[in-house]
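Below is one structure; the comments refer to it alone.
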Amino acid sequence: MPPPNPRPPQRSRARRFAPLGIAAWMVLEIWLLTLVAGATNGLTVFLLLVAGVIAGGYVIKRAGRRAWQNLTEGLRSGTDPAAAPPPSPGNDRQGGGNTLPMAGGLLLMIPGLVSDVLGLLCLFPPTGRLIRRRAEKLLNRPVAYAPGSFGDAFQQARMHRPDGKVVQGEVIRDDEPSPPRRQDPPLTG
């Protein structure tokens with residue numbers, strides 16, 4: 001067994017700066033809302049926020065309904081419901097996924113102008129395709145996890161089969177001694 005590492009594992013850059021980024025985003029959102037309120041009035045800001053929540057709820061409801069229809073059609077036809085359906089003739093979306101519209105609706109529901117702009121970018125077809133391609137590149141690249149991290153534990157709990165399928169499981173080694181059994185005193189009563 002290798003000796004324990006005296007230094008704790010380093011946190012990733014994203015985990016280190018995520019709280020700072022979220023705080024900066026919140027400050028930017030509040031600053032922009034106060035600028036709009038100063039240029040117009042508080043009622044306009046309130047109406048903008050309410051309109052974002054209503055529009056986001058509508059988008060999420062519509063995407064959820066489409067996902068449910070895809071699931072029921074897939075189950076009825078006997079195909080894999082998780083597989084992306086082929087694009088319909090009137091629909092230029094590749095893959096027909098509902099993730100980006102759901103994310104766009106959620107961003108619209110978050111109070112703030114920057115989140116509304118990001119949500120609209122997710123819903124606008126040309127920028128949605130760009131975002132989808134970039135996300136696919138990020139998700140398909142190989143990732144090296146630091147030893148002892150959560151990602152490393154998840155990777156170790158997966159077993160790859162020769163046909164490419166991944167099977168969840170636990171590795172049990174016979175060469176490691178089993179822990180000693182507990183010896184509890186007998187119960188008297």
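Each chain in the structure tokens gets a letter, A, B and so on, in the order shown; residues start at 1 in every chain, and ligands are counted from 1 in the order they appear.
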Would you list the contacts of Leu35 in chain A as a short mmCIF file (atom, residue, chain, number, x, y, z; two decimals) with all heavy atoms, in the first residue's frame, taking every protein, DNA or RNA residue within 12 Å and counting only C-alpha atoms, but skipping same-chain residues closer than 4 positions in sequence?
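File produced: around.cif:
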```cif
data_model
loop_
_atom_site.label_atom_id
_atom_site.label_comp_id
_atom_site.auth_asym_id
_atom_site.auth_seq_id
_atom_site.Cartn_x
_atom_site.Cartn_y
_atom_site.Cartn_z
N LEU A 28 -23.48 41.80 -10.63
CA LEU A 28 -23.75 42.35 -11.95
C LEU A 28 -25.25 42.42 -12.22
O LEU A 28 -25.75 43.43 -12.74
CB LEU A 28 -23.06 41.50 -13.02
CG LEU A 28 -23.29 41.92 -14.47
CD1 LEU A 28 -22.68 43.29 -14.74
CD2 LEU A 28 -22.70 40.89 -15.41
N GLU A 29 -25.98 41.36 -11.86
CA GLU A 29 -27.43 41.35 -12.06
C GLU A 29 -28.10 42.48 -11.27
O GLU A 29 -28.95 43.20 -11.79
CB GLU A 29 -28.02 40.00 -11.65
CG GLU A 29 -27.63 38.83 -12.50
CD GLU A 29 -28.41 38.71 -13.80
OE1 GLU A 29 -29.03 39.70 -14.25
OE2 GLU A 29 -28.41 37.62 -14.37
N ILE A 30 -27.73 42.63 -10.01
CA ILE A 30 -28.33 43.68 -9.17
C ILE A 30 -27.98 45.06 -9.71
O ILE A 30 -28.83 45.95 -9.78
CB ILE A 30 -27.89 43.50 -7.70
CG1 ILE A 30 -28.49 42.21 -7.14
CG2 ILE A 30 -28.29 44.70 -6.85
CD1 ILE A 30 -27.93 41.79 -5.80
N TRP A 31 -26.73 45.25 -10.13
CA TRP A 31 -26.29 46.54 -10.67
C TRP A 31 -27.09 46.88 -11.93
O TRP A 31 -27.54 48.01 -12.11
CB TRP A 31 -24.79 46.49 -10.93
CG TRP A 31 -24.25 47.76 -11.52
CD1 TRP A 31 -24.13 48.97 -10.91
CD2 TRP A 31 -23.78 47.92 -12.86
NE1 TRP A 31 -23.60 49.88 -11.78
CE2 TRP A 31 -23.37 49.26 -12.99
CE3 TRP A 31 -23.66 47.07 -13.95
CZ2 TRP A 31 -22.86 49.76 -14.17
CZ3 TRP A 31 -23.13 47.56 -15.12
CH2 TRP A 31 -22.74 48.90 -15.23
N ALA A 39 -33.16 54.37 -14.92
CA ALA A 39 -33.49 54.93 -16.22
C ALA A 39 -35.00 54.96 -16.45
O ALA A 39 -35.50 55.83 -17.17
CB ALA A 39 -32.82 54.12 -17.33
N THR A 40 -35.72 54.01 -15.89
CA THR A 40 -37.18 53.97 -16.08
C THR A 40 -37.84 54.16 -14.72
O THR A 40 -37.87 55.25 -14.21
CB THR A 40 -37.61 52.64 -16.74
OG1 THR A 40 -37.20 51.56 -15.93
CG2 THR A 40 -37.02 52.52 -18.13
N ASN A 41 -38.35 53.07 -14.16
CA ASN A 41 -38.90 53.11 -12.81
C ASN A 41 -38.95 51.68 -12.27
O ASN A 41 -38.68 50.72 -12.98
CB ASN A 41 -40.28 53.79 -12.76
CG ASN A 41 -41.29 53.10 -13.65
OD1 ASN A 41 -41.14 51.93 -13.99
ND2 ASN A 41 -42.33 53.84 -14.02
N GLY A 42 -39.31 51.53 -11.03
CA GLY A 42 -39.33 50.22 -10.39
C GLY A 42 -40.38 49.29 -10.96
O GLY A 42 -40.21 48.07 -10.99
N THR A 44 -41.24 49.03 -14.08
CA THR A 44 -40.69 48.43 -15.30
C THR A 44 -39.80 47.25 -14.96
O THR A 44 -39.88 46.20 -15.61
CB THR A 44 -39.89 49.48 -16.10
OG1 THR A 44 -40.74 50.60 -16.37
CG2 THR A 44 -39.37 48.90 -17.39
N VAL A 45 -38.97 47.41 -13.95
CA VAL A 45 -38.09 46.31 -13.53
C VAL A 45 -38.93 45.14 -13.04
O VAL A 45 -38.67 43.98 -13.40
CB VAL A 45 -37.11 46.78 -12.43
CG1 VAL A 45 -36.35 45.61 -11.84
CG2 VAL A 45 -36.15 47.81 -12.98
N GLY A 112 -33.06 38.57 -13.25
CA GLY A 112 -31.89 39.30 -13.71
C GLY A 112 -31.88 39.42 -15.22
O GLY A 112 -32.52 38.65 -15.94
N LEU A 113 -31.14 40.40 -15.71
CA LEU A 113 -31.10 40.66 -17.13
C LEU A 113 -30.06 39.82 -17.85
O LEU A 113 -30.28 39.38 -18.97
CB LEU A 113 -30.84 42.15 -17.37
CG LEU A 113 -31.91 43.09 -16.78
CD1 LEU A 113 -31.51 44.54 -16.98
CD2 LEU A 113 -33.25 42.81 -17.39
#
```
Please, what distance in Å, to one decimal, runs between CA of Asn98 in chain A and CA of Arg134 in chain A? 16.2 Å
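With only C-alpha atoms as the atoms that count, the residue of A:Pro179, A:Val36, A:Leu139, A:Val50 with the shortest distance to Ile110 in chain A is A:Val50.
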